[in-house]
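*Asks:* Structure provided below as structure tokens; questions to follow.
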Amino acid sequence: MGREFYMEGAVAVARKLLGAVLVRNSPQGTASGVIVETEAYAGRDDAACHSYKRDAPASGHRTNVMFGPGGVAYVYLIYGMHCCFNVVANLPGLPEAVLIRALEPKDGIALMRERRGVPGLKNLCSGPGKLCAALGITRDLYGADLCGGEIYIERGEPVPDESALSTRRINVDYSGEASLYPYRFVIKDSGFLSTRRYVA
DNA sequence: TGACCGATGAAT
DNA sequence: TTCATCGGTCAT
């Protein structure tokens with residue numbers, strides 16, 4: 001996917017990413033999956049977003065990469081043990097991102113099972129931490145260009161509106177009213193989602 | 001320098 | 001529903 005794909009708001013990018021294919025190339029091999037669940041984090045005005053009310057790129061701050069151009073990876077560590085993979089969206093100065101929450105495994109399934117240590121398929125990439133483990137995504141990929149070779153996103157089958165659904169986001173209750181925004185996008189009938197919580 | 005806590009996952 | 005686990009963040 002070209003750079004221009006990422007140069008609009010996180011909400012639009014989150015919706016557009018449904019059905020696209022996240023590909024990860026590493027020395028151990030290639031692993032990929034169809035994106036079936038995303039969440040938009042809409043910058044300075046979104047109380048759930050890591051860049052909420054953040055003015056300028058504070059040097060050394062984990063959100064720095066969000067202030068640059070879209071189409072790069074924002075990877076961070078959560079709960080001291082899991083990585084989360086985000087796609088930076090929008091133009092420089094508009095710090096927005098899309099969290100990739102679940103994939104339908106496609107290529108490299110044996111490699112993903114090995115990395116995760118589980119035999120199944122439905123539970124292989126059904127959560128933000130799980131898919132990072134399955135694809136071998138660590139903070140080494142912080143700031144990685146998604147138009148490069150290590151990790152990138154391919155156009156997939158378009159997902160029509162009748163197959164998509166938006167819901168409130170998962171585990172952002174601390175953000176008050178923002179926790180109610182319909183910024184989570186899922187492929188309605190996918191069997192590979194992280195959870196069915198809040199699904200209408 | 002230190003206290004607090006989380007865009008989770010797995011077990012119970 | 002509980003808890004493991006620890007780096008990032010921000011207040012001193």
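Identifiers in the structure tokens: chain A, B, ... in order shown; residue index from 1 per chain; ligand index from 1 in order shown.
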Residues of chain A within 10 Å of chain C, using only C-alpha atoms (C1' of nucleotides), as a PyMOL selection string?

*Replies:* chain A and resi 61-62+76-82

*Asks:* Return as a ChimeraX atom specification the residues belonging to chain B that are within 7 Å of chain A, counting only C-alpha atoms (C1' of nucleotides).

*Replies:* /B:6-8

*Asks:* Filtering to N, CA and C atoms (P, O5', C5', C4', C3', O3' and C1' of nucleotides), could you give me those residues as a PDB file, in the first residue's frame?

*Replies:*
```pdb
ATOM      1  P    DG B   6      -4.745   2.275  34.611  1.00  0.00           P
ATOM      2  O5'  DG B   6      -4.501   1.950  33.068  1.00  0.00           O
ATOM      3  C5'  DG B   6      -3.752   2.853  32.280  1.00  0.00           C
ATOM      4  C4'  DG B   6      -2.919   2.061  31.291  1.00  0.00           C
ATOM      5  C3'  DG B   6      -3.702   1.001  30.526  1.00  0.00           C
ATOM      6  O3'  DG B   6      -3.142   0.859  29.225  1.00  0.00           O
ATOM      7  C1'  DG B   6      -1.988  -0.040  31.730  1.00  0.00           C
ATOM      8  P    DA B   7      -3.700   1.893  28.062  1.00  0.00           P
ATOM      9  O5'  DA B   7      -4.329   0.898  26.998  1.00  0.00           O
ATOM     10  C5'  DA B   7      -5.618   0.357  27.175  1.00  0.00           C
ATOM     11  C4'  DA B   7      -6.009  -0.445  25.954  1.00  0.00           C
ATOM     12  C3'  DA B   7      -4.971  -1.458  25.507  1.00  0.00           C
ATOM     13  O3'  DA B   7      -5.608  -2.540  24.803  1.00  0.00           O
ATOM     14  C1'  DA B   7      -5.161   0.213  23.867  1.00  0.00           C
ATOM     15  P    DT B   8      -6.089  -3.872  25.768  1.00  0.00           P
ATOM     16  O5'  DT B   8      -4.707  -4.549  26.232  1.00  0.00           O
ATOM     17  C5'  DT B   8      -3.750  -5.009  25.273  1.00  0.00           C
ATOM     18  C4'  DT B   8      -3.294  -6.412  25.603  1.00  0.00           C
ATOM     19  C3'  DT B   8      -4.291  -7.512  25.225  1.00  0.00           C
ATOM     20  O3'  DT B   8      -3.620  -8.451  24.415  1.00  0.00           O
ATOM     21  C1'  DT B   8      -3.561  -7.787  27.467  1.00  0.00           C
TER      22       DT B   8
END
```

*Asks:* As a list of chain:residue names, please: the residues near Ala20 in chain A (cut-off 8 Å, only C-alpha atoms (C1' of nucleotides), same-chain neighbours under 3 positions excluded).

*Replies:* A:Lys16, A:Leu17, A:Val34, A:Ile35, A:Ile153, A:Glu154, A:Arg155, A:Gly156, A:Glu157, A:Pro158

*Asks:* Identify, on the basis of only C-alpha atoms (C1' of nucleotides), every residue whose closest approach to Met112 in chain A does not exceed 9 Å; exclude the query and any residue fewer than 5 positions from it along the same chain; express the result as JSON, numbers by chain.

*Replies:* {"A": [31, 32, 105, 107, 117, 118, 124, 125, 131, 133, 134, 135, 136]}

*Asks:* Taking N, CA and C atoms for each residue, export the selection above as an mmCIF file, in the first residue's frame.

*Replies:*
```cif
data_model
loop_
_atom_site.group_PDB
_atom_site.id
_atom_site.type_symbol
_atom_site.label_atom_id
_atom_site.label_comp_id
_atom_site.auth_asym_id
_atom_site.auth_seq_id
_atom_site.Cartn_x
_atom_site.Cartn_y
_atom_site.Cartn_z
ATOM 1 N N ALA A 31 5.164 -14.341 7.626
ATOM 2 C CA ALA A 31 3.875 -14.638 8.255
ATOM 3 C C ALA A 31 2.927 -13.497 7.903
ATOM 4 N N SER A 32 1.657 -13.834 7.699
ATOM 5 C CA SER A 32 0.712 -12.782 7.331
ATOM 6 C C SER A 32 -0.695 -13.146 7.778
ATOM 7 N N PRO A 105 -5.366 -15.598 10.313
ATOM 8 C CA PRO A 105 -4.061 -16.089 9.841
ATOM 9 C C PRO A 105 -4.120 -16.498 8.370
ATOM 10 N N ASP A 107 -0.651 -16.682 5.708
ATOM 11 C CA ASP A 107 0.567 -17.428 5.392
ATOM 12 C C ASP A 107 1.451 -17.593 6.626
ATOM 13 N N GLY A 117 3.249 -20.797 20.567
ATOM 14 C CA GLY A 117 3.212 -21.963 21.432
ATOM 15 C C GLY A 117 1.822 -22.515 21.626
ATOM 16 N N VAL A 118 0.957 -22.285 20.655
ATOM 17 C CA VAL A 118 -0.394 -22.850 20.711
ATOM 18 C C VAL A 118 -0.691 -23.551 19.380
ATOM 19 N N LEU A 124 -4.866 -17.773 17.349
ATOM 20 C CA LEU A 124 -3.478 -17.480 16.995
ATOM 21 C C LEU A 124 -3.202 -15.974 16.979
ATOM 22 N N CYS A 125 -4.100 -15.199 16.397
ATOM 23 C CA CYS A 125 -3.904 -13.753 16.233
ATOM 24 C C CYS A 125 -5.118 -12.978 16.714
ATOM 25 N N LEU A 131 -1.220 -11.191 18.172
ATOM 26 C CA LEU A 131 -0.761 -11.070 16.795
ATOM 27 C C LEU A 131 0.674 -10.557 16.740
ATOM 28 N N ALA A 133 2.988 -11.341 18.939
ATOM 29 C CA ALA A 133 3.794 -12.530 19.223
ATOM 30 C C ALA A 133 3.853 -13.428 17.990
ATOM 31 N N ALA A 134 2.709 -13.627 17.338
ATOM 32 C CA ALA A 134 2.643 -14.528 16.185
ATOM 33 C C ALA A 134 3.489 -14.029 15.018
ATOM 34 N N LEU A 135 3.515 -12.713 14.828
ATOM 35 C CA LEU A 135 4.246 -12.149 13.690
ATOM 36 C C LEU A 135 5.683 -11.766 14.066
ATOM 37 N N GLY A 136 6.049 -11.940 15.315
ATOM 38 C CA GLY A 136 7.393 -11.546 15.724
ATOM 39 C C GLY A 136 7.588 -10.044 15.694
#
```

*Asks:* Using DSSP assignments from the backbone, pull out every residue in range 39-128 of chain A that falls under helix (DSSP H, G or I) and give it to me as a PyMOL selection string.

*Replies:* chain A and resi 43-45+64-67+109-116+128

*Asks:* Write the selection just made, keeping C-alpha atoms, as a tab-separated table (two decimals), in the first residue's frame?

*Replies:*
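Contents of out_19.tsv, as written:
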```tsv
chain	number	residue	atom	x	y	z
A	43	GLY	CA	-5.04	12.33	18.19
A	44	ARG	CA	-4.95	15.27	20.58
A	45	ASP	CA	-8.70	15.50	21.12
A	64	ASN	CA	7.11	10.71	18.97
A	65	VAL	CA	6.55	8.60	15.91
A	66	MET	CA	2.85	9.50	15.92
A	67	PHE	CA	3.73	13.11	15.18
A	109	ILE	CA	0.78	-20.51	10.05
A	110	ALA	CA	3.32	-23.07	11.26
A	111	LEU	CA	5.75	-20.28	12.13
A	112	MET	CA	3.05	-18.36	13.96
A	113	ARG	CA	2.04	-21.44	15.96
A	114	GLU	CA	5.64	-21.99	16.91
A	115	ARG	CA	6.08	-18.40	18.07
A	116	ARG	CA	2.84	-18.46	20.05
A	128	PRO	CA	-3.28	-7.18	19.83
```

*Asks:* Would you please extract all strand (DSSP E) residues from range 14-129 of chain A, as assigned by DSSP on the backbone, and give them as a PyMOL selection string?

*Replies:* chain A and resi 21-26+29-41+73-78+82-89+96-105

*Asks:* Rounded to one decimal, what separation in Å do you get between CA of Val75 in chain A and C1' of DG2 in chain B?

*Replies:*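 If I compute the distance from CA of Val75 in chain A to C1' of DG2 in chain B, I get 25.9 Å.
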
*Asks:* What's around Ala10 in chain A at 10 Å? Count only C-alpha atoms (C1' of nucleotides), leave out sequence neighbours fewer than 2 positions away in its own chain, and write the answer as a VMD selection string.

*Replies:* chain A and resid 6 to 8 12 to 16 39 to 43 70 87 to 90 94 to 99 183

*Asks:* Rounded to one decimal, what separation in Å do you get between CA of Gly143 in chain A and CA of Ala73 in chain A?

*Replies:* 4.9 Å

*Asks:* Hey, can you check how far CA of Gly33 in chain A sits from CA of Pro69 in chain A?

*Replies:*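 Computing the Euclidean distance for CA of Gly33 in chain A and CA of Pro69 in chain A yields 24.5 Å.
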